[in-house]
Structures are given as structure tokens and as C-alpha cells.
2 protein chains.
Amino acid sequence: MAGEVQNASFAGVELGPLRENLPFLTRALRAYIRAENADFYAALDAEQGEIVVLSVIGLNPGMSQNDLAATLVFKKSAITKLVKDLEARGYLERAKSASDRRFNALQLSAAGQERYARISDLIAQQNAVFLEPFSTAERAELFNYLNRLYRHLGQRQLQRTGNSSAIAESRDD
Amino acid sequence: MAGEVQNASFAGVELGPLRENLPFLTRALRAYIRAENADFYAALDAEQGEIVVLSVIGLNPGMSQNDLAATLVFKKSAITKLVKDLEARGYLERAKSASDRRFNALQLSAAGQERYARISDLIAQQNAVFLEPFSTAERAELFNYLNRLYRHLGQRQLQRTGNSSAIAESRDD
DNA sequence: CGCGTTAGTTCATCCATTGAACTAATAAGG
DNA sequence: CCTTATTAGTTCAATGGATGAACTAACGCG
């Protein structure tokens with residue numbers, strides 16, 4: 001079983017201020033999760049971001065691509081690709097909104113709903129693995145914090161990009 | 001101030017299960033933070049990841065590039081580039097370890113220490129902006145959760161990649 | 001009508017990250 | 001010693017996610 005492990009390649013390294021550094025932590029967590037999800041997604045034959053898109057649209061039928069982009073923190077150009085791909089595979093429908101034909105009103109097809117239903121279990125399982133060390137109460141707290149962060153950073157981005165509308169306030173629960 | 005905002009481009013979208021979905025949240029948070037940090041780093045003339053590298057090496061002088069990679073969740077090939085760049089700019093030194101000449105023992109140069117000291121304030125300020133909505137106690141809790149996640153996912157990755165040594169246990173504080 | 005704005009598309013580009021093949025140094029074992 | 005396996009680090013070509021800018025189409029407001 002190997003020799004020295006002087007610095008214990010991972011556990012023994014002192015993080016110091018990085019323990020409270022969001023850019024570092026978000027990047028590291030993201031890297032880990034991507035690595036683990038790679039196989040998982042491959043097994044599902046799922047594109048990058050596909051699951052998330054199906055999920056949001058399922059919950060917000062009729063939403064626009066811009067709203068989707070804002071919600072998922074993608075650029076609209078990236079959304080176009082994602083959404084066209086899902087449409088081509090028959091999982092969602094893009095109808096021009098009757099009231100304003102610039103909008104694409106997005107909604108899941110029957111196949112899309114079915115696919116999401118089938119996949120969502122697996123996602124929950126995968127998620128549970130990530131969360132093994134946390135009790136139910138802790139998970140709730142963790143996600144509460146992450147969602148507050150998500151909202152706060154979203155607010156900031158709205159302001160930075162000078163997006164006139166809808167700065168409003170996101171309701172804090 | 002714009003018209004309909006029917007779906008309130010951002011605030012009004014229902015997230016549902018995504019509120020507790022780590023892949024989604026980490027990606028979204030990462031995207032926000034990257035966007036905000038872009039200007040910030042440009043102003044410092046800092047490369048991607050430079051600050052984090054300086055920080056860890058400062059705290060763990062003599063560490064190897066492999067340890068650095070494991071800590072920051074980079075591949076070693078990426079670390080090589082980062083570290084060579086910082087060496088070229090005079091911020092750190094790579095001496096072959098005397099005891100095992102395969103290792104590069106990394107440590108900050110005087111200029112590197114100075115640079116890090118100068119920068120770390122700004123990072124803290126930047127971080128504080130991200131954390132505005134949180135009280136001191138909440139920040140501590142948030143980071144406690146994130147670090148536990150970081151360690152847990154790190155453990156998992158060690159196992160997945162069959163890394164023999166050092167699976168051990170990272171001390172839970 | 002004509003001007004400004006917004007939703008979405010397209011595409012070329014960038015940059016971070018990866019994988020694989022390579023060198024050099026060490027450890028282990030006969 | 002000499003051979004073989006392993007580990008640290010390097011190099012580079014390739015991938016892929018994300019971006020920016022230029023474009024079309026539709027709307028709103030005078």
C-alpha cells in the first residue's frame with residue numbers, strides 16, 4: 001500500500017483562507033461533480049444541460065428562451081443550441097407565442113415529460129450520493145444557503161448588465 | 001420601464017427540484033461568479049487560477065504539483081501550465097526535491113509572497129460582496145457545508161480513480 | 001411609417017480542460 | 001546490479017463549453 005504519502009496528496013494540504021473563498025470552492029465542487037456526472041450522463045445519453053432544461057420547462061410551460069437563459073445562467077446563444085437539439089429529438093416544442101410572435105413558448109412534448117419522469121429518479125439518486133455526509137436537516141440548510149446565493153448573484157448580474165425590467169425583488173421565502 | 005414582464009425573466013420562474021440539485025446550483029453559481037470575477041481578475045492582471053495557486057503554495061511550502069492538482073481539482077497537465085507561468089513571472093520557485101528528484105518542491109518567491117499579500121485583501125473584498133446577504137454566523141455555516149462537500153467529493157474521486165494511497169480519512173472537524 | 005428595442009439565430013472564436021504519449025526518477029525484487 | 005513497474009512532471013493536439021457580434025424578425029411607440 002504505497003510508501004511515504006508525506007503530504008497525503010489531498011487530505012494533508014492546508015487550505016487556509018481558501019476554505020472561505022467562493023470562487024475556489026464553486027470551481028472545485030463543479031469540477032468534482034462534472035467528473036462524476038460524465039459517466040452518468042453518458043449512460044443516459046443526455047446532452048450537457050438537457051436534464052435541467054427539461055426540468056425547468058416542465059415546471060414553467062410557455063416560458064421563453066430568454067427566461068430560460070436567465071434562470072440557468074446561460075447566454076441565449078447557448079440556449080438556442082440546447083433547445084433546438086431537444087426539439088429535434090422530440091422532447092420539447094417551440095411554438096411562437098400568439099400574443100407576441102417573437103417569443104418561443106417552450107413546453108415539453110409527451111415524450112419529453114416521459115423522459116424527464118424517467119430520468120428524475122436517477123438524478124435524485126445521484127444527488128443523494130453527493131449528499132451522503134449530510135442529514136436531512138443539513139441538506140435543507142445547505143440548499144437554503146445555495147439558493148440565497150443564487151438569487152443574490154442573479155440580482156447583481158441583473159444590475160451589472162443594466163437589465164431594466166424585472167429587477168424587482170425575488171421573494172425570499 | 002419595459003412592458004409585460006409576464007414571466008419576470010428571472011424572479012418568477014419556478015425552480016422546483018432544481019432548488020436541491022447540486023449540478024445545477026454549482027454550475028449556476030460558478031457562472032455568476034466567473035462573470036463577476038472576469039473584470040476583477042483583468043484589473044489585477046491575474047491569470048485564471050493564479051491567486052488560488054499562490055495561496056495554497058504559500059500555506060504549504062514544498063508541496064508537489066500533484067498535491068496541488070488534487071487540492072485544486074485540476075489535472076496535472078493543467079497545473080504544469082499554471083505553475084510554469086507563475087515561475088516565469090517570478091512569483092514562485094520550483095526546486096527538485098533533494099530526497100526525491102521527481103518532485104518539484106513548490107514555494108513562493110519573495111515577489112510571490114508580496115503579490116499574494118497585496119491581492120488577498122482585494123479577494124476578501126470581492127468575496128464579501130458575494131456574501132452580502134449572509135450574517136457572519138451564516139457565512140461560517142455556509143462554508144462549513146461547502147467544505148464538507150468538497151472533502152466528500154474529494155474522497156469519492158480518490159476511490160473512483162483507484163488512487164491507492166492516502167484514501168485514509170480526511171479529518172472531520 | 002420609421003425608430004428603437006427585444007427575442008431568437010447563427011457562426012466564428014476563444015479558452016479552459018482533457019487525454020495520451022513521452023521523459024525522468026524512484027522503488028522493488030530476483 | 002539489472003529489470004520491471006510505478007510515479008512526477010511535461011508536452012501537445014484535440015475537445016467542448018461558453019462567448020460576442022452581427023444578423024433577422026417582430027413588436028411598440030410615437
# chains A, B, ... in the order shown; residues from 1 in each chain; ligands from 1

call {"tool": "select_by_dssp", "arguments": {"residues": "stretch 27-136 of chain B", "states": "strand (DSSP E)", "output": "PyMOL selection string"}}
result
chain B and resi 92-96+104-108

call {"tool": "calpha_fit_and_write", "arguments": {"fixed": "chain A", "moving": "chain B", "output": "mmCIF file with C-alpha atoms, in the first residue's frame"}}
result
data_model
loop_
_atom_site.group_PDB
_atom_site.id
_atom_site.type_symbol
_atom_site.label_atom_id
_atom_site.label_comp_id
_atom_site.auth_asym_id
_atom_site.auth_seq_id
_atom_site.Cartn_x
_atom_site.Cartn_y
_atom_site.Cartn_z
ATOM 1 C CA MET B 1 0.356 0.585 -0.341
ATOM 2 C CA ALA B 2 2.753 3.225 -1.550
ATOM 3 C CA GLY B 3 5.463 4.841 0.435
ATOM 4 C CA GLU B 4 5.803 8.217 1.932
ATOM 5 C CA VAL B 5 2.605 10.135 1.408
ATOM 6 C CA GLN B 6 4.449 12.882 3.120
ATOM 7 C CA ASN B 7 1.923 15.510 2.269
ATOM 8 C CA ALA B 8 -0.989 13.127 2.019
ATOM 9 C CA SER B 9 -1.721 14.164 -1.517
ATOM 10 C CA PHE B 10 -5.051 15.582 -0.550
ATOM 11 C CA ALA B 11 -6.090 15.367 3.040
ATOM 12 C CA GLY B 12 -2.965 16.909 4.484
ATOM 13 C CA VAL B 13 -2.939 20.134 2.548
ATOM 14 C CA GLU B 14 -3.804 23.254 4.440
ATOM 15 C CA LEU B 15 -6.428 25.356 2.712
ATOM 16 C CA GLY B 16 -6.430 28.398 4.939
ATOM 17 C CA PRO B 17 -8.479 31.269 3.554
ATOM 18 C CA LEU B 18 -9.545 29.137 0.619
ATOM 19 C CA ARG B 19 -11.914 27.391 2.965
ATOM 20 C CA GLU B 20 -13.988 30.525 2.712
ATOM 21 C CA ASN B 21 -13.305 31.435 -0.857
ATOM 22 C CA LEU B 22 -16.317 31.076 -3.108
ATOM 23 C CA PRO B 23 -14.555 31.154 -6.452
ATOM 24 C CA PHE B 24 -12.312 28.341 -5.329
ATOM 25 C CA LEU B 25 -15.033 26.249 -3.720
ATOM 26 C CA THR B 26 -17.541 26.575 -6.495
ATOM 27 C CA ARG B 27 -14.958 25.685 -9.059
ATOM 28 C CA ALA B 28 -13.696 22.692 -7.134
ATOM 29 C CA LEU B 29 -17.146 21.371 -6.404
ATOM 30 C CA ARG B 30 -18.156 21.877 -9.986
ATOM 31 C CA ALA B 31 -15.118 19.984 -11.198
ATOM 32 C CA TYR B 32 -15.828 17.055 -8.924
ATOM 33 C CA ILE B 33 -19.458 16.922 -9.867
ATOM 34 C CA ARG B 34 -18.757 17.149 -13.551
ATOM 35 C CA ALA B 35 -16.332 14.291 -13.290
ATOM 36 C CA GLU B 36 -18.855 12.110 -11.537
ATOM 37 C CA ASN B 37 -21.698 13.089 -13.800
ATOM 38 C CA ALA B 38 -19.824 12.377 -16.993
ATOM 39 C CA ASP B 39 -20.418 8.649 -16.838
ATOM 40 C CA PHE B 40 -23.868 9.160 -15.482
ATOM 41 C CA TYR B 41 -24.979 11.365 -18.337
ATOM 42 C CA ALA B 42 -23.309 9.187 -20.901
ATOM 43 C CA ALA B 43 -25.304 6.225 -19.623
ATOM 44 C CA LEU B 44 -28.494 8.228 -20.076
ATOM 45 C CA ASP B 45 -27.382 9.457 -23.462
ATOM 46 C CA ALA B 46 -28.148 12.938 -22.151
ATOM 47 C CA GLU B 47 -26.634 16.098 -23.514
ATOM 48 C CA GLN B 48 -25.019 18.686 -21.336
ATOM 49 C CA GLY B 49 -27.760 20.588 -19.554
ATOM 50 C CA GLU B 50 -30.581 18.654 -21.118
ATOM 51 C CA ILE B 51 -32.021 17.443 -17.866
ATOM 52 C CA VAL B 52 -32.089 20.843 -16.307
ATOM 53 C CA VAL B 53 -33.808 22.313 -19.331
ATOM 54 C CA LEU B 54 -36.491 19.654 -19.331
ATOM 55 C CA SER B 55 -37.036 20.203 -15.662
ATOM 56 C CA VAL B 56 -37.481 23.954 -15.808
ATOM 57 C CA ILE B 57 -39.679 23.905 -18.865
ATOM 58 C CA GLY B 58 -41.825 21.206 -17.366
ATOM 59 C CA LEU B 59 -42.455 23.442 -14.394
ATOM 60 C CA ASN B 60 -42.882 26.637 -16.406
ATOM 61 C CA PRO B 61 -44.663 25.731 -19.611
ATOM 62 C CA GLY B 62 -44.834 28.552 -22.085
ATOM 63 C CA MET B 63 -41.691 30.234 -20.826
ATOM 64 C CA SER B 64 -39.366 31.985 -23.251
ATOM 65 C CA GLN B 65 -35.820 31.132 -24.150
ATOM 66 C CA ASN B 66 -34.612 34.323 -22.580
ATOM 67 C CA ASP B 67 -36.194 33.375 -19.292
ATOM 68 C CA LEU B 68 -34.627 29.989 -19.621
ATOM 69 C CA ALA B 69 -31.236 31.534 -20.195
ATOM 70 C CA ALA B 70 -31.579 33.820 -17.196
ATOM 71 C CA THR B 71 -32.701 30.970 -14.981
ATOM 72 C CA LEU B 72 -29.985 28.544 -15.954
ATOM 73 C CA VAL B 73 -27.296 31.195 -16.312
ATOM 74 C CA PHE B 74 -26.597 30.468 -19.934
ATOM 75 C CA LYS B 75 -26.264 32.918 -22.785
ATOM 76 C CA LYS B 76 -29.161 32.938 -25.141
ATOM 77 C CA SER B 77 -26.959 31.687 -27.936
ATOM 78 C CA ALA B 78 -26.204 28.603 -25.880
ATOM 79 C CA ILE B 79 -29.866 28.127 -25.117
ATOM 80 C CA THR B 80 -30.702 28.126 -28.782
ATOM 81 C CA LYS B 81 -28.478 25.166 -29.376
ATOM 82 C CA LEU B 82 -29.723 23.241 -26.367
ATOM 83 C CA VAL B 83 -33.333 23.860 -27.148
ATOM 84 C CA LYS B 84 -33.105 23.130 -30.832
ATOM 85 C CA ASP B 85 -31.444 19.867 -30.070
ATOM 86 C CA LEU B 86 -34.164 18.852 -27.653
ATOM 87 C CA GLU B 87 -36.777 19.846 -30.161
ATOM 88 C CA ALA B 88 -35.091 17.796 -32.850
ATOM 89 C CA ARG B 89 -35.131 14.806 -30.564
ATOM 90 C CA GLY B 90 -38.815 15.297 -29.962
ATOM 91 C CA TYR B 91 -38.679 16.229 -26.315
ATOM 92 C CA LEU B 92 -39.984 19.742 -26.485
ATOM 93 C CA GLU B 93 -42.023 22.065 -28.630
ATOM 94 C CA ARG B 94 -41.333 25.639 -29.554
ATOM 95 C CA ALA B 95 -44.406 27.487 -30.671
ATOM 96 C CA LYS B 96 -44.304 31.163 -31.503
ATOM 97 C CA SER B 97 -46.313 32.931 -28.864
ATOM 98 C CA ALA B 98 -49.593 34.167 -30.277
ATOM 99 C CA SER B 99 -49.545 37.428 -28.380
ATOM 100 C CA ASP B 100 -45.945 38.242 -29.260
ATOM 101 C CA ARG B 101 -44.482 36.312 -32.093
ATOM 102 C CA ARG B 102 -40.929 37.088 -31.122
ATOM 103 C CA PHE B 103 -41.244 34.688 -28.232
ATOM 104 C CA ASN B 104 -40.834 30.987 -28.407
ATOM 105 C CA ALA B 105 -43.250 29.490 -25.950
ATOM 106 C CA LEU B 106 -41.500 26.386 -24.727
ATOM 107 C CA GLN B 107 -43.213 23.287 -23.468
ATOM 108 C CA LEU B 108 -42.462 19.636 -23.121
ATOM 109 C CA SER B 109 -43.865 17.149 -25.559
ATOM 110 C CA ALA B 110 -45.393 13.966 -24.240
ATOM 111 C CA ALA B 111 -42.110 12.236 -24.937
ATOM 112 C CA GLY B 112 -40.307 14.971 -23.052
ATOM 113 C CA GLN B 113 -42.499 14.602 -20.018
ATOM 114 C CA GLU B 114 -42.015 10.906 -20.077
ATOM 115 C CA ARG B 115 -38.281 11.213 -20.446
ATOM 116 C CA TYR B 116 -38.040 13.627 -17.598
ATOM 117 C CA ALA B 117 -40.161 11.447 -15.359
ATOM 118 C CA ARG B 118 -37.962 8.487 -16.155
ATOM 119 C CA ILE B 119 -34.742 10.374 -15.559
ATOM 120 C CA SER B 120 -35.642 12.356 -12.490
ATOM 121 C CA ASP B 121 -35.417 9.335 -10.233
ATOM 122 C CA LEU B 122 -31.893 8.658 -11.331
ATOM 123 C CA ILE B 123 -30.946 12.256 -10.772
ATOM 124 C CA ALA B 124 -32.294 12.121 -7.269
ATOM 125 C CA GLN B 125 -30.242 9.013 -6.603
ATOM 126 C CA GLN B 126 -27.140 10.632 -7.974
ATOM 127 C CA ASN B 127 -27.770 13.701 -5.905
ATOM 128 C CA ALA B 128 -28.222 11.577 -2.807
ATOM 129 C CA VAL B 129 -24.759 10.171 -3.273
ATOM 130 C CA PHE B 130 -23.270 13.631 -3.267
ATOM 131 C CA LEU B 131 -25.151 14.405 -0.098
ATOM 132 C CA GLU B 132 -24.293 11.296 1.866
ATOM 133 C CA PRO B 133 -22.533 13.136 4.669
ATOM 134 C CA PHE B 134 -25.533 15.322 5.404
ATOM 135 C CA SER B 135 -28.617 14.694 7.444
ATOM 136 C CA THR B 136 -31.986 15.637 6.052
ATOM 137 C CA ALA B 137 -32.045 18.820 8.058
ATOM 138 C CA GLU B 138 -28.551 19.708 6.964
ATOM 139 C CA ARG B 139 -29.414 19.182 3.326
ATOM 140 C CA ALA B 140 -32.302 21.567 3.680
ATOM 141 C CA GLU B 141 -30.013 24.136 5.216
ATOM 142 C CA LEU B 142 -27.312 23.654 2.631
ATOM 143 C CA PHE B 143 -29.752 24.155 -0.195
ATOM 144 C CA ASN B 144 -31.296 27.092 1.518
ATOM 145 C CA TYR B 145 -27.897 28.755 1.533
ATOM 146 C CA LEU B 146 -27.151 27.846 -2.048
ATOM 147 C CA ASN B 147 -30.460 29.195 -3.244
ATOM 148 C CA ARG B 148 -29.972 32.420 -1.414
ATOM 149 C CA LEU B 149 -26.597 32.749 -3.070
ATOM 150 C CA TYR B 150 -28.090 31.922 -6.426
ATOM 151 C CA ARG B 151 -30.691 34.636 -6.028
ATOM 152 C CA HIS B 152 -28.242 37.180 -4.737
ATOM 153 C CA LEU B 153 -25.814 36.671 -7.569
ATOM 154 C CA GLY B 154 -28.664 36.721 -10.025
ATOM 155 C CA GLN B 155 -29.775 40.078 -8.708
ATOM 156 C CA ARG B 156 -26.279 41.405 -9.028
ATOM 157 C CA GLN B 157 -25.967 40.254 -12.569
ATOM 158 C CA LEU B 158 -29.219 41.920 -13.499
ATOM 159 C CA GLN B 159 -27.861 45.172 -12.204
ATOM 160 C CA ARG B 160 -24.466 44.808 -13.803
ATOM 161 C CA THR B 161 -25.873 44.110 -17.218
ATOM 162 C CA GLY B 162 -28.159 47.056 -16.772
ATOM 163 C CA ASN B 163 -31.206 44.938 -17.423
ATOM 164 C CA SER B 164 -33.905 47.480 -16.964
ATOM 165 C CA SER B 165 -36.926 45.359 -16.257
ATOM 166 C CA ALA B 166 -37.640 43.019 -13.458
ATOM 167 C CA ILE B 167 -34.879 44.014 -11.133
ATOM 168 C CA ALA B 168 -37.626 44.192 -8.582
ATOM 169 C CA GLU B 169 -37.054 41.931 -5.716
ATOM 170 C CA SER B 170 -36.998 38.185 -5.743
ATOM 171 C CA ARG B 171 -39.088 37.093 -2.884
ATOM 172 C CA ASP B 172 -37.058 35.850 0.014
ATOM 173 C CA ASP B 173 -38.821 32.967 1.583
#

call {"tool": "closest_atom_pairs", "arguments": {"of": "chain C", "to": "chain A", "cutoff": "12 Å", "atoms": "only C-alpha atoms (C1' of nucleotides)", "output": "tab-separated table"}}
result
residue	atom	partner	partner_atom	distance
C:DT5	C1'	A:Ser164	CA	11.9
C:DT6	C1'	A:Arg102	CA	8.1
C:DA7	C1'	A:Arg102	CA	5.2
C:DG8	C1'	A:Arg102	CA	7.5
C:DT9	C1'	A:Thr80	CA	7.3
C:DT10	C1'	A:Ser77	CA	8.6
C:DC11	C1'	A:Ser77	CA	10.3
C:DA16	C1'	A:Ala31	CA	11.9
C:DT17	C1'	A:Ala31	CA	10.1
C:DT18	C1'	A:Ala35	CA	11.3
C:DT26	C1'	A:Gly3	CA	11.5
C:DA27	C1'	A:Gly3	CA	9.2
C:DA28	C1'	A:Ala2	CA	11.4

call {"tool": "atom_distance", "arguments": {"atom1": "atom C1' of C:DA12", "atom2": "atom C1' of D:DC23"}}
result
13.6 Å

call {"tool": "closest_atom_pairs", "arguments": {"of": "chain D", "to": "chain A", "cutoff": "8 Å", "atoms": "only C-alpha atoms (C1' of nucleotides)", "output": "Markdown table"}}
result
| residue | atom | partner | partner_atom | distance |
| --- | --- | --- | --- | --- |
| D:DA18 | C1' | A:Ala78 | CA | 7.4 |
| D:DA25 | C1' | A:Arg102 | CA | 7.2 |
| D:DA26 | C1' | A:Arg102 | CA | 5.3 |
| D:DC27 | C1' | A:Asp100 | CA | 7.3 |

call {"tool": "write_last_selection", "arguments": {"atoms": "C-alpha atoms (C1' of nucleotides)", "output": "PDB file, in the first residue's frame"}}
result
ATOM      1  C1'  DA D  18     -19.179  29.376 -23.480  1.00  0.00           C
ATOM      2  C1'  DA D  25     -37.903  39.112 -37.320  1.00  0.00           C
ATOM      3  C1'  DA D  26     -41.430  41.049 -34.551  1.00  0.00           C
ATOM      4  C1'  DC D  27     -43.167  44.438 -31.617  1.00  0.00           C
TER       5       DC D  27
END

call {"tool": "residues_around", "arguments": {"residues": "C:DG2", "least_positions_apart": "6", "cutoff": "12 Å", "atoms": "only C-alpha atoms (C1' of nucleotides)", "output": "list in words"}}
result
DG28, DC29 and DG30 of chain D
